[in-house]
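For reference, upload.txt (compact mmCIF, C-alpha atoms and all ligand atoms):
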```txt
# COMPACT_ATOMS: atom_id res chain seq x y z
CA MET A 1 25.20 -4.17 -31.37
CA GLU A 2 23.53 -5.19 -34.62
CA TYR A 3 19.90 -6.12 -35.22
CA ARG A 4 18.45 -6.96 -38.62
CA GLY A 5 21.25 -5.09 -40.35
CA ILE A 6 20.94 -1.98 -38.15
CA ARG A 7 24.07 -1.03 -36.25
CA ILE A 8 23.24 0.53 -32.90
CA THR A 9 25.74 2.19 -30.62
CA THR A 10 24.53 1.83 -27.06
CA CYS A 11 24.97 4.89 -24.88
CA GLU A 12 25.58 5.56 -21.22
CA ARG A 13 22.37 6.05 -19.21
CA VAL A 14 20.22 4.83 -22.14
CA TYR A 15 18.24 1.56 -22.06
CA ARG A 16 20.12 -1.11 -23.95
CA PRO A 17 17.84 -2.96 -26.42
CA CYS A 18 16.69 -6.15 -24.74
CA ASP A 19 14.15 -9.00 -25.08
CA ASP A 20 11.22 -6.56 -24.78
CA THR A 21 12.67 -4.34 -27.54
CA PHE A 22 13.10 -7.32 -29.87
CA MET A 23 9.58 -8.63 -29.18
CA LEU A 24 8.13 -5.26 -30.10
CA ALA A 25 10.43 -5.02 -33.15
CA GLU A 26 9.20 -8.33 -34.55
CA ALA A 27 5.55 -7.44 -33.91
CA MET A 28 6.06 -4.05 -35.54
CA LEU A 29 7.60 -5.56 -38.69
CA LYS A 30 4.38 -7.53 -39.27
CA GLU A 31 2.29 -4.42 -38.71
CA VAL A 32 3.91 -1.38 -40.33
CA ARG A 33 2.88 -0.50 -43.88
CA GLN A 34 4.50 1.53 -46.64
CA GLY A 35 3.66 5.22 -46.46
CA GLU A 36 2.62 5.23 -42.81
CA HIS A 37 3.49 7.83 -40.18
CA VAL A 38 4.87 6.19 -37.06
CA LEU A 39 5.55 7.50 -33.56
CA ASP A 40 8.16 5.67 -31.46
CA MET A 41 7.43 6.69 -27.88
CA GLY A 42 10.33 6.35 -25.43
CA THR A 43 12.77 5.57 -28.23
CA GLY A 44 15.91 4.89 -26.15
CA THR A 45 18.71 4.09 -28.62
CA GLY A 46 16.32 4.63 -31.55
CA LEU A 47 16.44 1.02 -32.76
CA LEU A 48 12.66 0.61 -33.21
CA ALA A 49 12.36 3.96 -34.97
CA ILE A 50 15.18 3.18 -37.40
CA LEU A 51 13.72 -0.25 -38.14
CA ALA A 52 10.23 1.19 -38.68
CA ALA A 53 11.68 3.86 -40.99
CA ARG A 54 12.64 1.20 -43.54
CA HIS A 55 8.93 0.77 -44.28
CA ALA A 56 7.17 3.89 -43.00
CA GLU A 57 7.19 7.25 -44.74
CA ARG A 58 8.12 9.21 -41.61
CA VAL A 59 8.98 8.27 -38.04
CA LEU A 60 8.96 10.61 -35.06
CA ALA A 61 11.03 9.24 -32.17
CA VAL A 62 10.61 10.88 -28.77
CA ASP A 63 12.04 10.35 -25.32
CA VAL A 64 11.93 12.24 -22.03
CA SER A 65 15.68 11.63 -21.55
CA ASP A 66 18.25 14.00 -23.07
CA PHE A 67 20.71 11.09 -23.20
CA ALA A 68 18.28 8.95 -25.20
CA VAL A 69 17.48 11.82 -27.60
CA ALA A 70 21.18 12.34 -28.33
CA CYS A 71 21.75 8.59 -28.65
CA ALA A 72 18.81 8.01 -31.01
CA ARG A 73 19.79 11.01 -33.15
CA SER A 74 23.30 9.75 -33.55
CA ASN A 75 22.13 6.20 -34.37
CA ALA A 76 19.60 7.49 -36.91
CA ALA A 77 22.34 9.51 -38.62
CA ALA A 78 24.78 6.58 -38.57
CA ASN A 79 22.16 4.38 -40.24
CA ARG A 80 21.22 7.15 -42.73
CA ALA A 81 17.61 7.01 -41.56
CA VAL A 82 16.78 10.42 -43.04
CA ASN A 83 13.04 9.96 -42.44
CA VAL A 84 13.47 9.74 -38.65
CA ASP A 85 13.07 12.87 -36.51
CA VAL A 86 14.14 12.68 -32.88
CA ARG A 87 12.84 15.04 -30.24
CA LYS A 88 12.60 15.41 -26.47
CA SER A 89 9.09 14.95 -25.10
CA ASP A 90 7.42 13.82 -21.91
CA LEU A 91 4.90 11.46 -23.53
CA PHE A 92 2.87 13.60 -25.96
CA ALA A 93 3.77 17.04 -24.52
CA ASN A 94 5.92 17.92 -27.55
CA VAL A 95 4.17 15.80 -30.20
CA GLU A 96 1.91 17.35 -32.82
CA GLY A 97 -0.11 15.62 -35.50
CA LYS A 98 -1.63 12.20 -35.81
CA PHE A 99 -0.05 8.84 -36.57
CA ASP A 100 -1.02 5.54 -38.18
CA LEU A 101 1.02 3.53 -35.71
CA ILE A 102 2.40 4.29 -32.23
CA LEU A 103 5.04 2.02 -30.67
CA PHE A 104 5.79 2.02 -26.96
CA ASN A 105 8.08 -0.13 -24.86
CA PRO A 106 7.38 1.72 -21.61
CA PRO A 107 8.98 1.65 -18.18
CA TYR A 108 6.79 -1.10 -16.71
CA LEU A 109 8.54 -2.68 -13.73
CA PRO A 110 7.02 -2.05 -10.28
CA SER A 111 9.45 -0.43 -7.85
CA GLU A 112 9.57 1.21 -4.46
CA GLU A 113 11.06 4.50 -5.66
CA LEU A 114 8.77 7.50 -5.34
CA GLU A 115 10.12 9.29 -8.40
CA PRO A 116 13.08 7.97 -10.39
CA GLU A 117 16.13 10.16 -9.91
CA ASP A 118 18.30 9.14 -12.81
CA GLU A 119 17.72 8.60 -16.50
CA LEU A 120 18.44 4.89 -16.60
CA THR A 121 16.06 4.13 -13.72
CA ARG A 122 13.40 6.13 -15.50
CA ALA A 123 13.75 3.73 -18.45
CA TRP A 124 12.34 0.74 -16.54
CA ASP A 125 10.79 2.07 -13.31
CA GLY A 126 7.02 2.11 -13.55
CA GLY A 127 6.34 3.23 -9.96
CA SER A 128 4.72 1.19 -7.17
CA ASP A 129 2.32 -0.70 -9.47
CA GLY A 130 4.41 -0.45 -12.64
CA ARG A 131 1.78 1.76 -14.26
CA ARG A 132 2.96 5.33 -13.63
CA VAL A 133 3.71 5.98 -17.31
CA ILE A 134 1.49 3.30 -18.91
CA ASP A 135 -1.78 4.72 -17.52
CA ARG A 136 -0.97 8.25 -18.70
CA PHE A 137 0.01 6.93 -22.10
CA ILE A 138 -3.23 4.98 -22.57
CA ARG A 139 -5.32 8.01 -21.55
CA GLU A 140 -3.52 10.31 -24.00
CA CYS A 141 -2.67 8.21 -27.05
CA TRP A 142 -6.07 8.21 -28.77
CA GLY A 143 -5.78 11.94 -29.55
CA HIS A 144 -2.62 11.27 -31.60
CA LEU A 145 -3.96 8.53 -33.84
CA ARG A 146 -5.61 8.75 -37.23
CA GLU A 147 -8.88 6.90 -37.73
CA GLY A 148 -8.13 3.18 -37.54
CA GLY A 149 -4.72 3.97 -36.05
CA ARG A 150 -2.95 1.31 -34.00
CA VAL A 151 -0.86 1.14 -30.87
CA LEU A 152 1.66 -1.64 -30.19
CA MET A 153 2.77 -1.61 -26.57
CA VAL A 154 4.87 -3.94 -24.42
CA GLN A 155 3.19 -5.10 -21.23
CA SER A 156 4.55 -7.23 -18.38
CA SER A 157 2.64 -9.75 -16.25
CA LEU A 158 4.03 -7.78 -13.27
CA SER A 159 2.07 -4.63 -14.10
CA ASN A 160 -1.49 -5.85 -14.64
CA LEU A 161 -2.28 -6.87 -18.22
CA ASP A 162 -6.03 -6.90 -17.51
CA ARG A 163 -6.01 -3.26 -16.46
CA THR A 164 -4.25 -2.31 -19.70
CA LEU A 165 -6.80 -4.20 -21.81
CA GLU A 166 -9.69 -2.66 -19.85
CA MET A 167 -8.32 0.86 -20.15
CA PHE A 168 -7.83 0.58 -23.92
CA LEU A 169 -11.39 -0.76 -24.28
CA LYS A 170 -12.76 2.16 -22.24
CA GLN A 171 -10.91 4.61 -24.49
CA GLY A 172 -12.71 3.16 -27.54
CA PHE A 173 -10.04 0.76 -28.82
CA LYS A 174 -10.38 -2.81 -30.01
CA VAL A 175 -7.65 -4.67 -28.18
CA SER A 176 -5.75 -7.96 -28.48
CA VAL A 177 -2.54 -9.64 -27.37
CA ILE A 178 -0.50 -10.40 -30.50
CA ALA A 179 2.68 -11.84 -28.95
CA GLU A 180 3.73 -13.26 -25.61
CA LYS A 181 6.77 -14.94 -24.13
CA GLY A 182 7.81 -16.15 -20.68
CA PHE A 183 11.02 -14.95 -19.08
CA PHE A 184 12.74 -15.71 -15.80
CA PHE A 185 10.49 -13.66 -13.49
CA GLU A 186 7.73 -12.34 -15.74
CA ARG A 187 5.72 -12.89 -18.89
CA LEU A 188 5.88 -10.23 -21.59
CA TYR A 189 3.09 -9.38 -24.00
CA VAL A 190 2.71 -7.15 -27.02
CA VAL A 191 -0.70 -5.52 -26.84
CA LYS A 192 -2.28 -4.22 -30.05
CA ALA A 193 -4.97 -1.57 -29.69
CA VAL A 194 -6.88 -0.32 -32.73
CA LEU A 195 -8.84 2.93 -32.55
CA GLU A 196 -12.37 2.21 -33.74
C1 LIG B 201 12.12 0.27 -21.55
S1 LIG B 201 12.90 1.68 -22.28
C2 LIG B 201 12.63 1.33 -24.02
C3 LIG B 201 13.63 1.97 -24.95
C4 LIG B 201 13.52 1.53 -26.42
N1 LIG B 201 12.23 1.92 -26.97
C5 LIG B 201 13.70 0.06 -26.54
O1 LIG B 201 12.70 -0.65 -26.72
O2 LIG B 201 14.85 -0.40 -26.46
C6 LIG B 201 11.71 3.00 -21.95
C7 LIG B 201 12.07 4.34 -22.55
O3 LIG B 201 11.01 5.25 -22.28
C8 LIG B 201 11.54 6.51 -21.90
N2 LIG B 201 10.54 7.21 -21.09
C9 LIG B 201 10.26 7.02 -19.77
N3 LIG B 201 9.28 7.85 -19.38
C10 LIG B 201 8.94 8.59 -20.47
C11 LIG B 201 8.01 9.65 -20.71
N4 LIG B 201 7.22 10.10 -19.74
N5 LIG B 201 7.95 10.19 -21.96
C12 LIG B 201 8.76 9.73 -22.96
N6 LIG B 201 9.66 8.75 -22.78
C13 LIG B 201 9.75 8.17 -21.57
C14 LIG B 201 12.83 6.16 -21.17
O4 LIG B 201 13.73 7.25 -21.12
C15 LIG B 201 13.34 4.97 -21.99
O5 LIG B 201 14.19 5.40 -23.03
```

Could I get this structure in the form of structure tokens?
Ligand SMILES: C[S@@+](CC[C@H](N)C(=O)[O-])C[C@H]1O[C@@H](n2cnc3c(N)ncnc32)[C@H](O)[C@@H]1O
Amino acid sequence: MEYRGIRITTCERVYRPCDDTFMLAEAMLKEVRQGEHVLDMGTGTGLLAILAARHAERVLAVDVSDFAVACARSNAAANRAVNVDVRKSDLFANVEGKFDLILFNPPYLPSEELEPEDELTRAWDGGSDGRRVIDRFIRECWGHLREGGRVLMVQSSLSNLDRTLEMFLKQGFKVSVIAEKGFFFERLYVVKAVLE
């Protein structure tokens, strides 16, 4: 597939860029500034990281899935995105340093599965309330942001937007919804949280 001049090879067992990816991509393009350090959490094919790297100084792209790490690495190389590093990490477990901007299109759909078994399910399955990964992410992200650092995160109407806004506020962020769009069975939002 191609998006804004970036050629992405989709890979088996890796989330294929979709409406939520493109919403976050467009929001990110309005937000990222020259010279910034960006973290793309849950990078999948690496599309957001490669796009961000056109403007940012450095991008770290991480994913818990080995398949996604290999896929994003190969796409970064194919697009000559030399300022993108790709690494395996369960959220911030393998992430050092602080960033100006963190992007996250998380697994957010509620499901009945106790713990996702396969890599592709893990890409969208947010547990019984859709918040298994989101809540952990919001609790941990502040420690990886520079002063005034921002988070852009996709949120679905199916996994409690108000709780996300509340949690960011409690963690000391200023928070707003900067994009939203209705789809067949849900409404998607891009939440912006700025560390004050
Ligand atoms: C909805 S997909 C988004 C992929 C890509 N960022 C995009 O927008 O096309 C969510 C991604 O998060 C990854 N992921 C799930 N749980 C994670 C965790 N605990 N730590 C890091 N990545 C995770 C999945 O493997 C998947 O690649």

Check: Near Leu109 in chain A, within 10 Å and counting only C-alpha atoms, which residues show up once chain neighbours fewer than 4 positions away are dropped, as a list in words?
Finding: Ala123, Trp124, Asp125, Gly126, Gly127, Ser128, Asp129, Gly130, Arg131, Arg132, Gln155, Ser156, Ser157, Leu158, Ser159 and Glu186 of chain A

Find the nearest atom pair between each residue of chain A and ligand LIG 201 (chain B) for residues within 8 Å, count all atoms listed in the file, give distances in Å to one decimal, sort rows by chain and ascending number, and present the table as JSON lines.
```
{"residue": "A:Val14", "atom": "CA", "partner": "B:LIG201", "partner_atom": "O5", "distance": 6.1}
{"residue": "A:Tyr15", "atom": "CA", "partner": "B:LIG201", "partner_atom": "S1", "distance": 5.3}
{"residue": "A:Arg16", "atom": "CA", "partner": "B:LIG201", "partner_atom": "O2", "distance": 5.9}
{"residue": "A:Pro17", "atom": "CA", "partner": "B:LIG201", "partner_atom": "O2", "distance": 3.9}
{"residue": "A:Cys18", "atom": "CA", "partner": "B:LIG201", "partner_atom": "O2", "distance": 6.3}
{"residue": "A:Asp20", "atom": "CA", "partner": "B:LIG201", "partner_atom": "O1", "distance": 6.4}
{"residue": "A:Thr21", "atom": "CA", "partner": "B:LIG201", "partner_atom": "O1", "distance": 3.8}
{"residue": "A:Phe22", "atom": "CA", "partner": "B:LIG201", "partner_atom": "O1", "distance": 7.4}
{"residue": "A:Leu24", "atom": "CA", "partner": "B:LIG201", "partner_atom": "O1", "distance": 7.3}
{"residue": "A:Asp40", "atom": "CA", "partner": "B:LIG201", "partner_atom": "N1", "distance": 7.1}
{"residue": "A:Met41", "atom": "CA", "partner": "B:LIG201", "partner_atom": "C12", "distance": 5.9}
{"residue": "A:Gly42", "atom": "CA", "partner": "B:LIG201", "partner_atom": "O3", "distance": 3.4}
{"residue": "A:Thr43", "atom": "CA", "partner": "B:LIG201", "partner_atom": "N1", "distance": 3.9}
{"residue": "A:Gly44", "atom": "CA", "partner": "B:LIG201", "partner_atom": "O5", "distance": 3.6}
{"residue": "A:Thr45", "atom": "CA", "partner": "B:LIG201", "partner_atom": "C4", "distance": 6.2}
{"residue": "A:Gly46", "atom": "CA", "partner": "B:LIG201", "partner_atom": "C4", "distance": 6.6}
{"residue": "A:Leu47", "atom": "CA", "partner": "B:LIG201", "partner_atom": "O2", "distance": 6.7}
{"residue": "A:Leu48", "atom": "CA", "partner": "B:LIG201", "partner_atom": "N1", "distance": 6.4}
{"residue": "A:Val62", "atom": "CA", "partner": "B:LIG201", "partner_atom": "C12", "distance": 6.2}
{"residue": "A:Asp63", "atom": "CA", "partner": "B:LIG201", "partner_atom": "N6", "distance": 3.8}
{"residue": "A:Val64", "atom": "CA", "partner": "B:LIG201", "partner_atom": "C12", "distance": 4.1}
{"residue": "A:Ser65", "atom": "CA", "partner": "B:LIG201", "partner_atom": "O4", "distance": 4.8}
{"residue": "A:Ala68", "atom": "CA", "partner": "B:LIG201", "partner_atom": "O5", "distance": 5.8}
{"residue": "A:Lys88", "atom": "CA", "partner": "B:LIG201", "partner_atom": "C12", "distance": 7.7}
{"residue": "A:Ser89", "atom": "CA", "partner": "B:LIG201", "partner_atom": "C12", "distance": 5.7}
{"residue": "A:Asp90", "atom": "CA", "partner": "B:LIG201", "partner_atom": "N5", "distance": 3.7}
{"residue": "A:Leu91", "atom": "CA", "partner": "B:LIG201", "partner_atom": "N5", "distance": 3.7}
{"residue": "A:Phe92", "atom": "CA", "partner": "B:LIG201", "partner_atom": "N5", "distance": 7.3}
{"residue": "A:Phe104", "atom": "CA", "partner": "B:LIG201", "partner_atom": "N1", "distance": 6.4}
{"residue": "A:Asn105", "atom": "CA", "partner": "B:LIG201", "partner_atom": "C2", "distance": 4.9}
{"residue": "A:Pro106", "atom": "CA", "partner": "B:LIG201", "partner_atom": "C6", "distance": 4.5}
{"residue": "A:Pro107", "atom": "CA", "partner": "B:LIG201", "partner_atom": "C1", "distance": 4.8}
{"residue": "A:Tyr108", "atom": "CA", "partner": "B:LIG201", "partner_atom": "C1", "distance": 7.3}
{"residue": "A:Glu119", "atom": "CA", "partner": "B:LIG201", "partner_atom": "O4", "distance": 6.3}
{"residue": "A:Leu120", "atom": "CA", "partner": "B:LIG201", "partner_atom": "O4", "distance": 6.9}
{"residue": "A:Arg122", "atom": "CA", "partner": "B:LIG201", "partner_atom": "C9", "distance": 5.4}
{"residue": "A:Ala123", "atom": "CA", "partner": "B:LIG201", "partner_atom": "C14", "distance": 3.8}
{"residue": "A:Trp124", "atom": "CA", "partner": "B:LIG201", "partner_atom": "C1", "distance": 5.0}
{"residue": "A:Val133", "atom": "CA", "partner": "B:LIG201", "partner_atom": "N4", "distance": 5.9}
```

Item checked: Residue contacts of Tyr189 in chain A (8 Å, all atoms listed in the file) excluding same-chain residues fewer than 2 positions away, as a PyMOL selection string -> chain A and resi 154-157+177-181+187+191

Margin query: Using only C-alpha atoms - which residues lie no farther than 10 Å from the point (21.5, -0.5, -34.6) in the file's frame? Write them as a list of chain:residue names.
Written below: A:Met1, A:Glu2, A:Tyr3, A:Arg4, A:Gly5, A:Ile6, A:Arg7, A:Ile8, A:Thr9, A:Thr10, A:Pro17, A:Thr45, A:Gly46, A:Leu47, A:Leu48, A:Ile50, A:Leu51, A:Ala72, A:Asn75, A:Ala76, A:Ala78, A:Asn79

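Of the residues listed (A:Val86, A:Glu166, A:Gly35, A:Leu29), A:Val86 shows the shortest atom-to-atom separation from Phe67 in chain A; distances use only C-alpha atoms.
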
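Taking only C-alpha atoms into account, Asn94 in chain A lies nearest to A:His144 out of the set A:Arg150, A:His144, A:Arg80, A:Lys170.
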
Notebook entry, point to check: Expressed in Å to a single decimal, how great is the separation between CA of Glu196 in chain A and CA of Gly172 in chain A?
Noted result: 6.3 Å

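Ranking A:Phe184, A:Arg146, A:Arg139, A:Lys192 by their shortest atom-to-atom distance to Lys30 in chain A, with only C-alpha atoms included, puts A:Lys192 first.
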
Next item on the list: For CA of Gly97 in chain A and CA of Leu145 in chain A, determine how far apart the two atoms are, in Å to one decimal place.
Entry: 8.2 Å

Check: Interatomic distance between CA of Ala27 in chain A and CA of Leu101 in chain A?
Finding: 12.0 Å

Item checked: Nearest candidate to Met23 in chain A (options A:Leu103, A:Ser176, A:Leu195, A:Gly148; using all atoms listed in the file) -> A:Leu103

For Val194 in chain A, list every protein, DNA or RNA residue within 6 Å, evaluated using all atoms listed in the file, and leave out those in the same chain fewer than 6 positions away; present the list as a JSON list (two decimals) with C-alpha atoms, in the frame of the given file.
```json
[["chain", "number", "residue", "atom", "x", "y", "z"],
["A", 149, "GLY", "CA", -4.72, 3.97, -36.05],
["A", 150, "ARG", "CA", -2.95, 1.31, -34.00],
["A", 173, "PHE", "CA", -10.04, 0.76, -28.82],
["A", 174, "LYS", "CA", -10.38, -2.81, -30.01]]
```

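By chain and then residue number, the residues within 6 Å of His37 in chain A are Glu57, Arg58, Val59, Phe99 and Asp100 of chain A, counting all atoms listed in the file and disregarding those fewer than 5 positions away in sequence.
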
Since the input is missing atoms for range 88-124 of chain A, could you rebuild it with N, CA and C atoms and give the result as a PDB file, in the coordinates of the input?
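Generated file (selection_23.pdb):
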```pdb
ATOM      1  N   LYS A  88      12.876  15.629 -27.894  1.00  0.00           N
ATOM      2  CA  LYS A  88      12.600  15.410 -26.470  1.00  0.00           C
ATOM      3  C   LYS A  88      11.115  15.651 -26.191  1.00  0.00           C
ATOM      4  N   SER A  89      10.493  14.736 -25.482  1.00  0.00           N
ATOM      5  CA  SER A  89       9.090  14.950 -25.100  1.00  0.00           C
ATOM      6  C   SER A  89       8.738  14.041 -23.923  1.00  0.00           C
ATOM      7  N   ASP A  90       8.005  14.620 -22.979  1.00  0.00           N
ATOM      8  CA  ASP A  90       7.420  13.820 -21.910  1.00  0.00           C
ATOM      9  C   ASP A  90       6.083  13.301 -22.454  1.00  0.00           C
ATOM     10  N   LEU A  91       6.024  12.036 -22.772  1.00  0.00           N
ATOM     11  CA  LEU A  91       4.900  11.460 -23.530  1.00  0.00           C
ATOM     12  C   LEU A  91       4.536  12.373 -24.697  1.00  0.00           C
ATOM     13  N   PHE A  92       3.294  12.882 -24.763  1.00  0.00           N
ATOM     14  CA  PHE A  92       2.870  13.600 -25.960  1.00  0.00           C
ATOM     15  C   PHE A  92       3.041  15.123 -25.852  1.00  0.00           C
ATOM     16  N   ALA A  93       3.693  15.587 -24.776  1.00  0.00           N
ATOM     17  CA  ALA A  93       3.770  17.040 -24.520  1.00  0.00           C
ATOM     18  C   ALA A  93       4.334  17.813 -25.716  1.00  0.00           C
ATOM     19  N   ASN A  94       5.263  17.218 -26.444  1.00  0.00           N
ATOM     20  CA  ASN A  94       5.920  17.920 -27.550  1.00  0.00           C
ATOM     21  C   ASN A  94       5.677  17.188 -28.880  1.00  0.00           C
ATOM     22  N   VAL A  95       4.505  16.565 -28.990  1.00  0.00           N
ATOM     23  CA  VAL A  95       4.170  15.800 -30.200  1.00  0.00           C
ATOM     24  C   VAL A  95       2.938  16.426 -30.839  1.00  0.00           C
ATOM     25  N   GLU A  96       3.089  16.842 -32.096  1.00  0.00           N
ATOM     26  CA  GLU A  96       1.910  17.350 -32.820  1.00  0.00           C
ATOM     27  C   GLU A  96       1.534  16.329 -33.889  1.00  0.00           C
ATOM     28  N   GLY A  97       0.303  16.453 -34.366  1.00  0.00           N
ATOM     29  CA  GLY A  97      -0.110  15.620 -35.500  1.00  0.00           C
ATOM     30  C   GLY A  97      -0.607  14.259 -35.061  1.00  0.00           C
ATOM     31  N   LYS A  98      -1.041  13.515 -36.084  1.00  0.00           N
ATOM     32  CA  LYS A  98      -1.630  12.200 -35.810  1.00  0.00           C
ATOM     33  C   LYS A  98      -0.870  11.126 -36.579  1.00  0.00           C
ATOM     34  N   PHE A  99      -0.880   9.922 -36.049  1.00  0.00           N
ATOM     35  CA  PHE A  99      -0.050   8.840 -36.570  1.00  0.00           C
ATOM     36  C   PHE A  99      -0.909   7.622 -36.922  1.00  0.00           C
ATOM     37  N   ASP A 100      -0.353   6.802 -37.840  1.00  0.00           N
ATOM     38  CA  ASP A 100      -1.020   5.540 -38.180  1.00  0.00           C
ATOM     39  C   ASP A 100      -0.674   4.463 -37.153  1.00  0.00           C
ATOM     40  N   LEU A 101       0.538   4.578 -36.613  1.00  0.00           N
ATOM     41  CA  LEU A 101       1.020   3.530 -35.710  1.00  0.00           C
ATOM     42  C   LEU A 101       1.865   4.181 -34.615  1.00  0.00           C
ATOM     43  N   ILE A 102       1.576   3.825 -33.365  1.00  0.00           N
ATOM     44  CA  ILE A 102       2.400   4.290 -32.230  1.00  0.00           C
ATOM     45  C   ILE A 102       3.003   3.062 -31.554  1.00  0.00           C
ATOM     46  N   LEU A 103       4.320   3.105 -31.361  1.00  0.00           N
ATOM     47  CA  LEU A 103       5.040   2.020 -30.670  1.00  0.00           C
ATOM     48  C   LEU A 103       5.422   2.501 -29.287  1.00  0.00           C
ATOM     49  N   PHE A 104       5.315   1.630 -28.290  1.00  0.00           N
ATOM     50  CA  PHE A 104       5.790   2.020 -26.960  1.00  0.00           C
ATOM     51  C   PHE A 104       6.258   0.797 -26.180  1.00  0.00           C
ATOM     52  N   ASN A 105       7.531   0.824 -25.827  1.00  0.00           N
ATOM     53  CA  ASN A 105       8.080  -0.130 -24.860  1.00  0.00           C
ATOM     54  C   ASN A 105       8.323   0.700 -23.594  1.00  0.00           C
ATOM     55  N   PRO A 106       7.340   0.744 -22.715  1.00  0.00           N
ATOM     56  CA  PRO A 106       7.380   1.720 -21.610  1.00  0.00           C
ATOM     57  C   PRO A 106       8.191   1.220 -20.412  1.00  0.00           C
ATOM     58  N   PRO A 107       8.469   2.118 -19.474  1.00  0.00           N
ATOM     59  CA  PRO A 107       8.980   1.650 -18.180  1.00  0.00           C
ATOM     60  C   PRO A 107       7.805   0.950 -17.490  1.00  0.00           C
ATOM     61  N   TYR A 108       7.960  -0.343 -17.198  1.00  0.00           N
ATOM     62  CA  TYR A 108       6.790  -1.100 -16.710  1.00  0.00           C
ATOM     63  C   TYR A 108       7.055  -1.898 -15.438  1.00  0.00           C
ATOM     64  N   LEU A 109       8.285  -1.853 -14.902  1.00  0.00           N
ATOM     65  CA  LEU A 109       8.540  -2.680 -13.730  1.00  0.00           C
ATOM     66  C   LEU A 109       8.132  -1.966 -12.438  1.00  0.00           C
ATOM     67  N   PRO A 110       7.371  -2.653 -11.567  1.00  0.00           N
ATOM     68  CA  PRO A 110       7.020  -2.050 -10.280  1.00  0.00           C
ATOM     69  C   PRO A 110       8.270  -1.812  -9.455  1.00  0.00           C
ATOM     70  N   SER A 111       8.294  -0.706  -8.708  1.00  0.00           N
ATOM     71  CA  SER A 111       9.450  -0.430  -7.850  1.00  0.00           C
ATOM     72  C   SER A 111       9.005   0.384  -6.646  1.00  0.00           C
ATOM     73  N   GLU A 112       9.898   0.489  -5.686  1.00  0.00           N
ATOM     74  CA  GLU A 112       9.570   1.210  -4.460  1.00  0.00           C
ATOM     75  C   GLU A 112       9.883   2.696  -4.539  1.00  0.00           C
ATOM     76  N   GLU A 113      10.634   3.086  -5.590  1.00  0.00           N
ATOM     77  CA  GLU A 113      11.060   4.500  -5.660  1.00  0.00           C
ATOM     78  C   GLU A 113       9.864   5.413  -5.855  1.00  0.00           C
ATOM     79  N   LEU A 114       9.875   6.569  -5.193  1.00  0.00           N
ATOM     80  CA  LEU A 114       8.770   7.500  -5.340  1.00  0.00           C
ATOM     81  C   LEU A 114       8.803   8.139  -6.720  1.00  0.00           C
ATOM     82  N   GLU A 115       9.940   8.660  -7.074  1.00  0.00           N
ATOM     83  CA  GLU A 115      10.120   9.290  -8.400  1.00  0.00           C
ATOM     84  C   GLU A 115      11.538   8.978  -8.828  1.00  0.00           C
ATOM     85  N   PRO A 116      11.728   8.340  -9.999  1.00  0.00           N
ATOM     86  CA  PRO A 116      13.080   7.970 -10.390  1.00  0.00           C
ATOM     87  C   PRO A 116      13.988   9.187 -10.500  1.00  0.00           C
ATOM     88  N   GLU A 117      15.205   9.020  -9.964  1.00  0.00           N
ATOM     89  CA  GLU A 117      16.130  10.160  -9.910  1.00  0.00           C
ATOM     90  C   GLU A 117      16.960  10.246 -11.177  1.00  0.00           C
ATOM     91  N   ASP A 118      17.377   9.072 -11.687  1.00  0.00           N
ATOM     92  CA  ASP A 118      18.300   9.140 -12.810  1.00  0.00           C
ATOM     93  C   ASP A 118      17.661   8.570 -14.078  1.00  0.00           C
ATOM     94  N   GLU A 119      18.298   8.879 -15.186  1.00  0.00           N
ATOM     95  CA  GLU A 119      17.720   8.600 -16.500  1.00  0.00           C
ATOM     96  C   GLU A 119      17.547   7.102 -16.752  1.00  0.00           C
ATOM     97  N   LEU A 120      18.520   6.315 -16.318  1.00  0.00           N
ATOM     98  CA  LEU A 120      18.440   4.890 -16.600  1.00  0.00           C
ATOM     99  C   LEU A 120      17.337   4.225 -15.778  1.00  0.00           C
ATOM    100  N   THR A 121      17.153   4.671 -14.540  1.00  0.00           N
ATOM    101  CA  THR A 121      16.060   4.130 -13.720  1.00  0.00           C
ATOM    102  C   THR A 121      14.718   4.469 -14.363  1.00  0.00           C
ATOM    103  N   ARG A 122      14.627   5.673 -14.859  1.00  0.00           N
ATOM    104  CA  ARG A 122      13.400   6.130 -15.500  1.00  0.00           C
ATOM    105  C   ARG A 122      13.016   5.253 -16.704  1.00  0.00           C
ATOM    106  N   ALA A 123      14.002   4.558 -17.270  1.00  0.00           N
ATOM    107  CA  ALA A 123      13.750   3.730 -18.450  1.00  0.00           C
ATOM    108  C   ALA A 123      12.954   2.473 -18.111  1.00  0.00           C
ATOM    109  N   TRP A 124      13.064   1.978 -16.863  1.00  0.00           N
ATOM    110  CA  TRP A 124      12.340   0.740 -16.540  1.00  0.00           C
ATOM    111  C   TRP A 124      11.376   0.895 -15.372  1.00  0.00           C
TER     112      TRP A 124
END
```
